[in-house]
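Undergrad: Here you go, this is coords.pdb (PDB, C-alpha atoms and all ligand atoms).
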```
ATOM      1  CA  MET A 114     -84.658 -18.643-151.237
ATOM      2  CA  THR A 115     -86.990 -16.807-148.868
ATOM      3  CA  GLU A 116     -89.545 -19.045-147.239
ATOM      4  CA  THR A 117     -93.147 -18.361-148.196
ATOM      5  CA  ASN A 118     -95.008 -17.498-145.065
ATOM      6  CA  GLU A 119     -98.453 -18.847-144.504
ATOM      7  CA  PRO A 120    -100.423 -16.492-142.280
ATOM      8  CA  ASN A 121     -99.351 -17.005-138.670
ATOM      9  CA  MET A 122     -97.261 -20.047-139.632
ATOM     10  CA  ASN A 123     -95.119 -21.194-136.697
ATOM     11  CA  VAL A 124     -96.318 -18.225-134.677
ATOM     12  CA  SER A 125     -96.171 -20.107-131.408
ATOM     13  CA  SER A 126     -93.484 -22.683-132.131
ATOM     14  CA  ARG A 127     -90.737 -20.490-133.609
ATOM     15  CA  GLN A 128     -91.206 -17.635-131.163
ATOM     16  CA  ASN A 129     -91.588 -20.012-128.241
ATOM     17  CA  ILE A 130     -88.318 -21.674-129.234
ATOM     18  CA  ARG A 131     -86.647 -18.256-129.515
ATOM     19  CA  LYS A 132     -87.924 -17.176-126.133
ATOM     20  CA  TRP A 133     -86.784 -20.392-124.428
ATOM     21  CA  ILE A 134     -83.352 -20.082-126.034
ATOM     22  CA  LEU A 135     -83.120 -16.521-124.702
ATOM     23  CA  VAL A 136     -84.214 -17.570-121.217
ATOM     24  CA  LEU A 137     -81.626 -20.372-121.230
ATOM     25  CA  SER A 138     -78.988 -17.949-122.452
ATOM     26  CA  PHE A 139     -79.810 -15.593-119.583
ATOM     27  CA  PHE A 140     -79.578 -18.300-116.927
ATOM     28  CA  LEU A 141     -76.288 -19.599-118.368
ATOM     29  CA  LEU A 142     -74.755 -16.170-117.829
ATOM     30  CA  PRO A 143     -72.635 -17.253-114.812
ATOM     31  CA  VAL A 144     -70.738 -19.498-117.247
ATOM     32  CA  THR A 145     -70.995 -17.645-120.538
ATOM     33  CA  LEU A 146     -70.187 -14.135-119.308
ATOM     34  CA  ALA A 147     -66.521 -14.854-120.069
ATOM     35  CA  PHE A 148     -67.445 -15.295-123.738
ATOM     36  CA  ILE A 149     -69.738 -12.339-124.265
ATOM     37  CA  SER A 150     -68.517  -9.499-122.074
ATOM     38  CA  PRO A 151     -67.071  -6.361-123.737
ATOM     39  CA  ILE A 152     -65.571  -5.495-120.320
ATOM     40  CA  ILE A 153     -63.681  -8.799-120.088
ATOM     41  CA  ILE A 154     -62.194  -8.082-123.533
ATOM     42  CA  VAL A 155     -60.858  -4.796-122.128
ATOM     43  CA  MET A 156     -59.429  -6.575-119.062
ATOM     44  CA  GLY A 157     -57.672  -9.075-121.344
ATOM     45  CA  ALA A 158     -56.392  -6.363-123.695
ATOM     46  CA  ALA A 159     -54.706  -4.595-120.763
ATOM     47  CA  GLN A 160     -52.603  -7.752-120.353
ATOM     48  CA  GLY A 161     -52.139  -8.437-124.065
ATOM     49  CA  ILE A 162     -54.514 -11.416-123.915
ATOM     50  CA  ALA A 163     -57.150 -12.251-126.537
ATOM     51  CA  THR A 164     -60.034 -13.535-124.395
ATOM     52  CA  GLY A 165     -62.916 -15.876-125.169
ATOM     53  CA  SER A 166     -65.143 -12.784-125.468
ATOM     54  CA  MET A 167     -62.872 -11.347-128.123
ATOM     55  CA  LEU A 168     -62.841 -14.605-130.075
ATOM     56  CA  LEU A 169     -66.645 -14.876-129.952
ATOM     57  CA  ILE A 170     -67.138 -11.283-131.069
ATOM     58  CA  ILE A 171     -64.782 -11.845-134.016
ATOM     59  CA  ALA A 172     -66.795 -14.999-134.859
ATOM     60  CA  ASN A 173     -70.006 -12.978-134.539
ATOM     61  CA  PHE A 174     -68.703 -10.333-136.919
ATOM     62  CA  ILE A 175     -67.878 -13.032-139.496
ATOM     63  CA  LEU A 176     -71.331 -14.605-139.017
ATOM     64  CA  SER A 177     -72.967 -11.194-139.448
ATOM     65  CA  LEU A 178     -71.817 -11.312-143.073
ATOM     66  CA  VAL A 179     -74.620 -13.846-143.623
ATOM     67  CA  VAL A 180     -77.002 -13.601-140.648
ATOM     68  CA  ALA A 181     -76.680  -9.900-139.667
ATOM     69  CA  ARG A 182     -77.805  -9.423-136.048
ATOM     70  CA  LEU A 183     -79.271 -12.899-135.558
ATOM     71  CA  TRP A 184     -77.093 -13.215-132.435
ATOM     72  CA  CYS A 185     -78.920 -10.259-130.843
ATOM     73  CA  GLY A 186     -82.352 -11.736-131.531
ATOM     74  CA  TRP A 187     -81.739 -15.344-130.632
ATOM     75  CA  LEU A 188     -78.784 -15.757-128.271
ATOM     76  CA  CYS A 189     -77.519 -12.647-126.502
ATOM     77  CA  PRO A 190     -78.210 -12.797-122.729
ATOM     78  CA  MET A 191     -78.267  -8.996-122.517
ATOM     79  CA  GLY A 192     -81.002  -8.940-125.160
ATOM     80  CA  ALA A 193     -82.703 -11.794-123.297
ATOM     81  CA  TRP A 194     -82.737  -9.762-120.092
ATOM     82  CA  GLN A 195     -84.344  -6.797-121.825
ATOM     83  CA  GLU A 196     -87.017  -9.046-123.372
ATOM     84  CA  ILE A 197     -87.684 -10.645-119.967
ATOM     85  CA  CYS A 198     -88.277  -7.103-118.661
ATOM     86  CA  SER A 199     -90.267  -6.040-121.735
ATOM     87  CA  PRO A 200     -93.763  -6.360-120.141
ATOM     88  CA  LEU A 201     -92.730  -3.316-118.062
ATOM     89  CA  VAL A 202     -91.574  -1.301-121.096
ATOM     90  CA  LYS A 203     -94.441  -0.081-123.236
ATOM     91  CA  HIS A 204     -92.847   2.524-125.502
ATOM     92  CA  THR A 205     -90.276   2.272-128.280
ATOM     93  CA  VAL A 206     -86.943   3.993-128.849
ATOM     94  CA  GLN A 207     -87.456   6.994-131.117
ATOM     95  CA  ASP A 208     -85.480   7.140-134.359
ATOM     96  CA  GLY A 209     -82.651   9.643-134.444
ATOM     97  CA  TRP A 210     -79.770  10.574-132.149
ATOM     98  CA  ARG A 211     -80.477   7.858-129.592
ATOM     99  CA  ASN A 212     -79.724   5.143-132.121
ATOM    100  CA  ALA A 213     -76.493   6.911-133.101
ATOM    101  CA  ILE A 214     -74.962   6.832-129.602
ATOM    102  CA  LYS A 215     -73.938   3.173-129.898
ATOM    103  CA  TYR A 216     -71.677   3.961-132.867
ATOM    104  CA  GLY A 217     -69.731   6.440-130.709
ATOM    105  CA  VAL A 218     -69.627   3.928-127.827
ATOM    106  CA  SER A 219     -68.332   1.236-130.170
ATOM    107  CA  ALA A 220     -65.676   3.533-131.686
ATOM    108  CA  LEU A 221     -64.416   4.517-128.211
ATOM    109  CA  TRP A 222     -64.381   0.872-127.105
ATOM    110  CA  LEU A 223     -62.409  -0.232-130.185
ATOM    111  CA  ALA A 224     -59.964   2.672-129.733
ATOM    112  CA  LEU A 225     -59.463   1.690-126.086
ATOM    113  CA  LEU A 226     -58.835  -1.936-127.073
ATOM    114  CA  ALA A 227     -56.284  -0.873-129.700
ATOM    115  CA  TYR A 228     -54.530   1.400-127.197
ATOM    116  CA  LEU A 229     -54.403  -1.309-124.510
ATOM    117  CA  PHE A 230     -53.128  -4.004-126.873
ATOM    118  CA  ILE A 231     -50.448  -1.662-128.261
ATOM    119  CA  SER A 232     -49.426  -0.653-124.722
ATOM    120  CA  ALA A 233     -49.215  -4.330-123.725
ATOM    121  CA  GLY A 234     -46.927  -5.117-126.667
ATOM    122  CA  GLY A 235     -49.601  -6.616-128.934
ATOM    123  CA  ILE A 236     -51.555  -9.859-128.572
ATOM    124  CA  ARG A 237     -49.130 -11.973-126.524
ATOM    125  CA  ALA A 238     -51.489 -14.830-125.607
ATOM    126  CA  ILE A 239     -54.877 -16.322-126.400
ATOM    127  CA  ASP A 240     -56.913 -17.482-123.431
ATOM    128  CA  PRO A 241     -60.505 -18.540-124.292
ATOM    129  CA  PHE A 242     -61.212 -19.086-120.594
ATOM    130  CA  PHE A 243     -59.828 -15.775-119.345
ATOM    131  CA  ALA A 244     -61.667 -14.559-116.187
ATOM    132  CA  MET A 245     -63.112 -18.032-115.510
ATOM    133  CA  GLU A 246     -62.553 -19.981-112.326
ATOM    134  CA  ASN A 247     -63.877 -23.491-111.754
ATOM    135  CA  GLY A 248     -65.889 -23.192-114.967
ATOM    136  CA  LEU A 249     -67.627 -20.005-113.834
ATOM    137  CA  ALA A 250     -67.191 -16.393-114.893
ATOM    138  CA  ILE A 251     -69.416 -15.104-112.077
ATOM    139  CA  ASN A 252     -67.382 -16.690-109.325
ATOM    140  CA  SER A 253     -67.356 -14.194-106.459
ATOM    141  CA  LEU A 254     -69.734 -11.872-104.658
ATOM    142  CA  PRO A 255     -68.052  -8.683-106.000
ATOM    143  CA  THR A 256     -68.376  -9.985-109.598
ATOM    144  CA  LEU A 257     -72.028 -10.862-108.980
ATOM    145  CA  VAL A 258     -72.667  -7.354-107.618
ATOM    146  CA  VAL A 259     -70.994  -5.714-110.651
ATOM    147  CA  VAL A 260     -73.032  -7.865-113.051
ATOM    148  CA  ALA A 261     -76.254  -7.135-111.125
ATOM    149  CA  VAL A 262     -75.556  -3.378-111.292
ATOM    150  CA  ILE A 263     -74.886  -3.577-115.063
ATOM    151  CA  PHE A 264     -78.133  -5.486-115.617
ATOM    152  CA  ALA A 265     -80.023  -3.002-113.431
ATOM    153  CA  ILE A 266     -78.627  -0.175-115.585
ATOM    154  CA  MET A 267     -79.749  -2.043-118.726
ATOM    155  CA  PHE A 268     -83.245  -2.286-117.324
ATOM    156  CA  ILE A 269     -83.307   1.415-116.398
ATOM    157  CA  VAL A 270     -82.103   2.395-119.904
ATOM    158  CA  ALA A 271     -84.789   0.216-121.520
ATOM    159  CA  TYR A 272     -87.438   1.509-119.107
ATOM    160  CA  LEU A 273     -86.575   5.136-119.883
ATOM    161  CA  ALA A 274     -85.658   4.888-123.586
ATOM    162  CA  GLY A 275     -87.924   2.099-124.844
ATOM    163  CA  ARG A 276     -87.888  -1.540-125.869
ATOM    164  CA  ARG A 277     -84.357  -3.012-125.946
ATOM    165  CA  GLY A 278     -83.091   0.510-125.254
ATOM    166  CA  PHE A 279     -79.625  -0.723-124.295
ATOM    167  CA  CYS A 280     -79.277  -2.576-127.643
ATOM    168  CA  HIS A 281     -80.401   0.564-129.490
ATOM    169  CA  MET A 282     -78.180   3.010-127.638
ATOM    170  CA  PHE A 283     -75.182   1.521-125.885
ATOM    171  CA  CYS A 284     -74.234  -1.969-127.081
ATOM    172  CA  PRO A 285     -70.674  -1.710-128.490
ATOM    173  CA  VAL A 286     -71.049  -5.000-130.381
ATOM    174  CA  ALA A 287     -74.191  -4.115-132.390
ATOM    175  CA  PRO A 288     -72.372  -1.630-134.691
ATOM    176  CA  LEU A 289     -69.862  -4.341-135.657
ATOM    177  CA  LEU A 290     -72.730  -6.572-136.779
ATOM    178  CA  VAL A 291     -74.329  -3.647-138.630
ATOM    179  CA  VAL A 292     -71.031  -3.138-140.487
ATOM    180  CA  GLY A 293     -71.006  -6.864-141.327
ATOM    181  CA  ARG A 294     -74.501  -6.544-142.786
ATOM    182  CA  LYS A 295     -73.560  -3.464-144.804
ATOM    183  CA  ILE A 296     -70.595  -5.329-146.299
ATOM    184  CA  ARG A 297     -72.955  -8.178-147.263
ATOM    185  CA  ASN A 298     -75.415  -5.722-148.769
ATOM    186  CA  SER A 299     -72.626  -4.270-150.938
ATOM    187  CA  PHE A 300     -71.852  -7.683-152.413
ATOM    188  CA  ARG A 301     -75.367  -9.217-152.279
ATOM    189  CA  TRP A 302     -74.346 -12.774-151.478
ATOM    190  CA  PRO A 303     -77.097 -15.056-150.078
ATOM    191  CA  ALA A 304     -78.049 -14.109-146.532
ATOM    192  CA  LEU A 305     -80.803 -14.376-143.961
ATOM    193  CA  GLN A 306     -83.250 -11.516-144.337
ATOM    194  CA  LEU A 307     -86.810 -10.295-144.271
ATOM    195  CA  SER A 308     -88.859  -9.583-147.354
ATOM    196  CA  ALA A 309     -92.406  -8.329-147.673
ATOM    197  CA  ASP A 310     -95.343  -8.220-150.011
ATOM    198  CA  SER A 311     -97.050  -4.907-149.276
ATOM    199  CA  SER A 312    -100.079  -5.872-151.372
ATOM    200  CA  LEU A 313    -101.028  -8.385-148.648
ATOM    201  CA  CYS A 314    -100.748  -5.873-145.803
ATOM    202  CA  ILE A 315    -103.968  -4.712-144.127
ATOM    203  CA  ASP A 316    -102.209  -2.210-141.821
ATOM    204  CA  CYS A 317    -103.194  -4.034-138.645
ATOM    205  CA  LYS A 318     -99.742  -3.145-137.191
ATOM    206  CA  LYS A 319     -99.418  -6.459-135.346
ATOM    207  CA  CYS A 320     -95.874  -6.723-136.752
ATOM    208  CA  SER A 321     -94.835  -3.389-135.220
ATOM    209  CA  LYS A 322     -96.478  -4.306-131.929
ATOM    210  CA  GLN A 323     -94.578  -7.596-131.702
ATOM    211  CA  CYS A 324     -91.176  -6.234-132.763
ATOM    212  CA  PRO A 325     -88.905  -6.476-129.680
ATOM    213  CA  MET A 326     -86.799  -3.608-131.071
ATOM    214  CA  GLY A 327     -89.908  -1.446-131.399
ATOM    215  CA  LEU A 328     -89.377  -0.858-135.126
ATOM    216  CA  ASP A 329     -92.114   0.523-137.363
ATOM    217  CA  VAL A 330     -92.349  -2.762-139.273
ATOM    218  CA  ASN A 331     -95.668  -1.793-140.844
ATOM    219  CA  GLY A 332     -93.952   1.306-142.288
ATOM    220  CA  MET A 333     -91.054  -0.860-143.508
ATOM    221  CA  VAL A 334     -93.520  -3.186-145.274
ATOM    222  CA  ARG A 335     -95.354  -0.251-146.841
ATOM    223  CA  LYS A 336     -92.082   1.265-148.122
ATOM    224  CA  GLY A 337     -90.775  -2.126-149.261
ATOM    225  CA  GLU A 338     -87.613  -1.534-147.204
ATOM    226  CA  MET A 339     -87.137  -4.455-144.831
ATOM    227  CA  GLU A 340     -83.443  -3.738-144.186
ATOM    228  CA  ASN A 341     -82.986  -1.867-140.922
ATOM    229  CA  PRO A 342     -79.729  -1.656-138.928
ATOM    230  CA  ASP A 343     -81.699  -2.227-135.730
ATOM    231  CA  CYS A 344     -83.476  -5.356-136.990
ATOM    232  CA  ILE A 345     -82.256  -8.374-135.016
ATOM    233  CA  LEU A 346     -83.856 -10.938-137.360
ATOM    234  CA  CYS A 347     -85.965 -12.431-134.593
ATOM    235  CA  ALA A 348     -88.848 -13.192-137.026
ATOM    236  CA  SER A 349     -91.470 -11.956-134.531
ATOM    237  CA  CYS A 350     -93.011  -9.710-137.191
ATOM    238  CA  ALA A 351     -93.222 -12.516-139.763
ATOM    239  CA  ASP A 352     -94.805 -14.814-137.186
ATOM    240  CA  ALA A 353     -97.287 -12.169-136.031
ATOM    241  CA  CYS A 354     -98.559 -11.111-139.449
ATOM    242  CA  PRO A 355    -102.069 -12.545-139.998
ATOM    243  CA  LYS A 356    -101.745 -12.138-143.780
ATOM    244  CA  GLY A 357     -98.314 -13.675-144.301
ATOM    245  CA  ALA A 358     -97.098 -10.374-145.759
ATOM    246  CA  ILE A 359     -93.621 -10.769-144.236
ATOM    247  CA  ALA A 360     -91.291 -13.632-145.121
ATOM    248  CA  TYR A 361     -88.142 -14.654-143.268
ATOM    249  CA  GLY A 362     -85.447 -16.732-144.894
ATOM    250  CA  TRP A 363     -82.449 -16.911-147.213
ATOM    251  CA  ASN A 364     -82.410 -14.606-150.141
ATOM    252  CA  LYS A 365     -79.970 -13.349-152.765
ATOM    253  CA  ASN A 366     -81.081  -9.746-152.961
TER     254      ASN A 366
HETATM  255  S1  LIG B   1     -88.317  -6.090-137.846
HETATM  256 FE1  LIG B   1     -89.092  -8.188-137.466
HETATM  257  S2  LIG B   1     -87.277  -9.506-137.478
HETATM  258 FE2  LIG B   1     -86.566  -7.367-137.260
HETATM  259  S3  LIG B   1     -86.387  -7.045-135.049
HETATM  260 FE3  LIG B   1     -88.442  -6.367-135.607
HETATM  261  S4  LIG B   1     -89.763  -8.177-135.322
HETATM  262 FE4  LIG B   1     -87.623  -8.894-135.330
HETATM  263  S1  LIG B   2     -97.391  -6.564-142.436
HETATM  264 FE1  LIG B   2     -98.903  -7.984-141.580
HETATM  265  S2  LIG B   2     -98.877  -7.601-139.338
HETATM  266 FE2  LIG B   2     -97.841  -5.861-140.345
HETATM  267  S3  LIG B   2     -99.488  -4.343-140.593
HETATM  268 FE3  LIG B   2     -99.375  -5.515-142.515
HETATM  269  S4  LIG B   2    -100.875  -7.165-142.245
HETATM  270 FE4  LIG B   2    -100.526  -6.322-140.198
END
```
Would you mind writing the file out in structure tokens?
Ligand code: SF4
Ligand code: SF4

TA:
Amino acid sequence: MTETNEPNMNVSSRQNIRKWILVLSFFLLPVTLAFISPIIIVMGAAQGIATGSMLLIIANFILSLVVARLWCGWLCPMGAWQEICSPLVKHTVQDGWRNAIKYGVSALWLALLAYLFISAGGIRAIDPFFAMENGLAINSLPTLVVVAVIFAIMFIVAYLAGRRGFCHMFCPVAPLLVVGRKIRNSFRWPALQLSADSSLCIDCKKCSKQCPMGLDVNGMVRKGEMENPDCILCASCADACPKGAIAYGWNKN
């Protein structure tokens, strides 16, 4: 059942909680990198090892069957970093070819993983703590430098392309979660989603302004199409709407 949204209900509390979770996620990166890095999965695959990152991404894909890209909106440290930098990024990623790049990146990444695992003789071991030392994944100066360069590139991409530009264009994990959502949408089992009542909308566009992915939420409300592959279910739009036109919750359709 989708929650009924009172105008501006929870606007500060829910989004404040989300932002603090993201900040915490970012600062825990020295530990959690081993569980979220697509590069560490590749390093493990070259040795026939299923890493903690691989296990978490499989878990994320399964979760996406009910919560779509909730991970991106509430927990991912890479997304957190781009939102921390967002006061410096005013524009939004334009619809079209830019959004399609990530599907090619993801396909190449999956093909590389398959090739490496096959070359290594299959999955020969499972090591959830692969690439960790003394409880840390960022455990040396060279690793810190590599991570800093990757995060600098993420910032540059977002600065040039628009809000959460790296999520839109290059994240290899996002397409897996989009596929999970499309599977759910084929079967229509209960899932977390947005819904809207366009009759309440006054076209103030506060929802679009607050969307960290820079989506045209006002347009989505007007068309009655709240499903968008780039929606990360952060609820910012629902919390920003002064008329309660957008609801966020569990629904069957
Ligand atoms: S459409 Fe709403 S829930 Fe989806 S990413 Fe934008 S603000 Fe978040
Ligand atoms: S859905 Fe709400 S926030 Fe968005 S334009 Fe309409 S009234 Fe404004």

Undergrad: Mind pulling up the distance from atom CA of Arg182 of chain A to atom S4 of ligand LIG 1 (chain B)?

TA: 12.0 Å

Undergrad: Record the distance separating atom CA of Ala181 of chain A and atom CA of Gly161 of chain A, expressed in Å with one decimal.

TA: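 A separation of 29.1 Å between them.
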
Undergrad: May I have the residues within 8 Å of segment 343-356 of chain A as a VMD selection string, using all atoms listed in the file and disregarding those fewer than 3 positions away in the same chain?

TA: chain A and resid 118 to 125 127 to 128 131 181 to 187 281 306 to 307 313 to 315 319 to 321 323 to 326 328 330 340 359 to 361

Undergrad: Using all atoms listed in the file, find the one residue out of A:Thr205, A:Ser299, A:Asn173, A:Thr256 that sits nearest to ligand LIG 1 (chain B).

TA: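 Checking each candidate against ligand LIG 1 (chain B), we get A:Thr205 as the closest.
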
Undergrad: Would you mind telling me which residue in A:Val136, A:Ile175, A:Met245, A:Met333 lies nearest to Gln195 of chain A when using all atoms listed in the file?

TA: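 Among A:Val136, A:Ile175, A:Met245, A:Met333, it is A:Val136 that comes nearest to Gln195 of chain A.
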
Undergrad: Using only C-alpha atoms and all ligand atoms, find the one residue out of A:Gly337, A:Leu225, A:Asp316, A:Leu254 that sits nearest to ligand LIG 2 (chain B).

TA: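 Smallest distance to ligand LIG 2 (chain B) is found for A:Asp316.
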
Undergrad: One decimal, Å: what's the distance from atom CA of Pro285 of chain A over to atom CA of Ala172 of chain A, could you say?

TA: 15.2 Å

Undergrad: Identify all residues satisfying the PyMOL selection byres (((chain A and resi 275) around 12) and not hetatm) in the given file; provide them as a PyMOL selection string.

TA: chain A and resi 195-196+198-208+211-212+267-274+276-282+324-328

Undergrad: Please report, as JSON, the centre and edge lengths in Å to one decimal of an axis-aligned box covering all listed atoms of segment 341-353 of chain A with 3 Å per side.

TA:
```
{"center_x": -88.5, "center_y": -8.2, "center_z": -137.7, "size_x": 23.6, "size_y": 19.2, "size_z": 12.4}
```

Undergrad: Would you kindly return, as an MDAnalysis selection string, each protein, DNA or RNA residue with an atom no farther than 9 Å from any atom of Leu290 of chain A, considering all atoms listed in the file and excluding same-chain residues fewer than 2 positions away?

TA: chainID A and resid 173:178 181:182 286:288 292:295 342

Undergrad: So that I can see what lies close to Phe230 of chain A, please list as a VMD selection string the residues with an atom at most 8 Å from it, counting all atoms listed in the file and leaving out residues fewer than 6 positions away in the same chain.

TA: chain A and resid 158 to 161 236

Undergrad: Would you mind completing segment 158-167 of chain A to all heavy atoms and writing the output as a tab-separated table (two decimals), in the coordinates of the input?

TA:
```tsv
chain	number	residue	atom	x	y	z
A	158	ALA	N	-57.24	-7.22	-122.85
A	158	ALA	CA	-56.39	-6.36	-123.70
A	158	ALA	C	-55.32	-5.66	-122.87
A	158	ALA	O	-54.19	-5.50	-123.32
A	158	ALA	CB	-57.26	-5.34	-124.43
A	159	ALA	N	-55.68	-5.27	-121.64
A	159	ALA	CA	-54.71	-4.60	-120.76
A	159	ALA	C	-53.51	-5.49	-120.47
A	159	ALA	O	-52.43	-5.00	-120.14
A	159	ALA	CB	-55.40	-4.16	-119.47
A	160	GLN	N	-53.71	-6.82	-120.60
A	160	GLN	CA	-52.60	-7.75	-120.35
A	160	GLN	C	-52.08	-8.38	-121.65
A	160	GLN	O	-51.31	-9.33	-121.62
A	160	GLN	CB	-53.08	-8.87	-119.42
A	160	GLN	CG	-53.56	-8.36	-118.06
A	160	GLN	CD	-54.15	-9.50	-117.23
A	160	GLN	OE1	-53.57	-10.57	-117.12
A	160	GLN	NE2	-55.31	-9.25	-116.66
A	161	GLY	N	-52.57	-7.88	-122.77
A	161	GLY	CA	-52.14	-8.44	-124.06
A	161	GLY	C	-52.72	-9.81	-124.33
A	161	GLY	O	-52.13	-10.61	-125.06
A	162	ILE	N	-53.90	-10.09	-123.75
A	162	ILE	CA	-54.51	-11.42	-123.92
A	162	ILE	C	-55.80	-11.31	-124.74
A	162	ILE	O	-56.68	-10.49	-124.44
A	162	ILE	CB	-54.84	-12.04	-122.54
A	162	ILE	CG1	-53.55	-12.24	-121.74
A	162	ILE	CG2	-55.59	-13.36	-122.70
A	162	ILE	CD1	-53.77	-12.66	-120.30
A	163	ALA	N	-55.90	-12.14	-125.78
A	163	ALA	CA	-57.15	-12.25	-126.54
A	163	ALA	C	-58.05	-13.23	-125.79
A	163	ALA	O	-57.74	-14.41	-125.67
A	163	ALA	CB	-56.86	-12.75	-127.95
A	164	THR	N	-59.15	-12.73	-125.25
A	164	THR	CA	-60.03	-13.54	-124.40
A	164	THR	C	-61.09	-14.29	-125.22
A	164	THR	O	-61.26	-14.04	-126.41
A	164	THR	CB	-60.77	-12.62	-123.40
A	164	THR	OG1	-61.60	-11.75	-124.17
A	164	THR	CG2	-59.79	-11.80	-122.58
A	165	GLY	N	-61.80	-15.17	-124.53
A	165	GLY	CA	-62.92	-15.88	-125.17
A	165	GLY	C	-63.94	-14.90	-125.72
A	165	GLY	O	-64.52	-15.12	-126.79
A	166	SER	N	-64.19	-13.80	-124.99
A	166	SER	CA	-65.14	-12.78	-125.47
A	166	SER	C	-64.69	-12.20	-126.79
A	166	SER	O	-65.49	-12.00	-127.71
A	166	SER	CB	-65.25	-11.63	-124.47
A	166	SER	OG	-65.70	-12.08	-123.24
A	167	MET	N	-63.39	-11.94	-126.89
A	167	MET	CA	-62.87	-11.35	-128.12
A	167	MET	C	-63.02	-12.34	-129.28
A	167	MET	O	-63.44	-11.95	-130.38
A	167	MET	CB	-61.40	-10.97	-127.93
A	167	MET	CG	-60.82	-10.25	-129.10
A	167	MET	SD	-59.21	-9.59	-128.67
A	167	MET	CE	-58.48	-9.50	-130.28
```
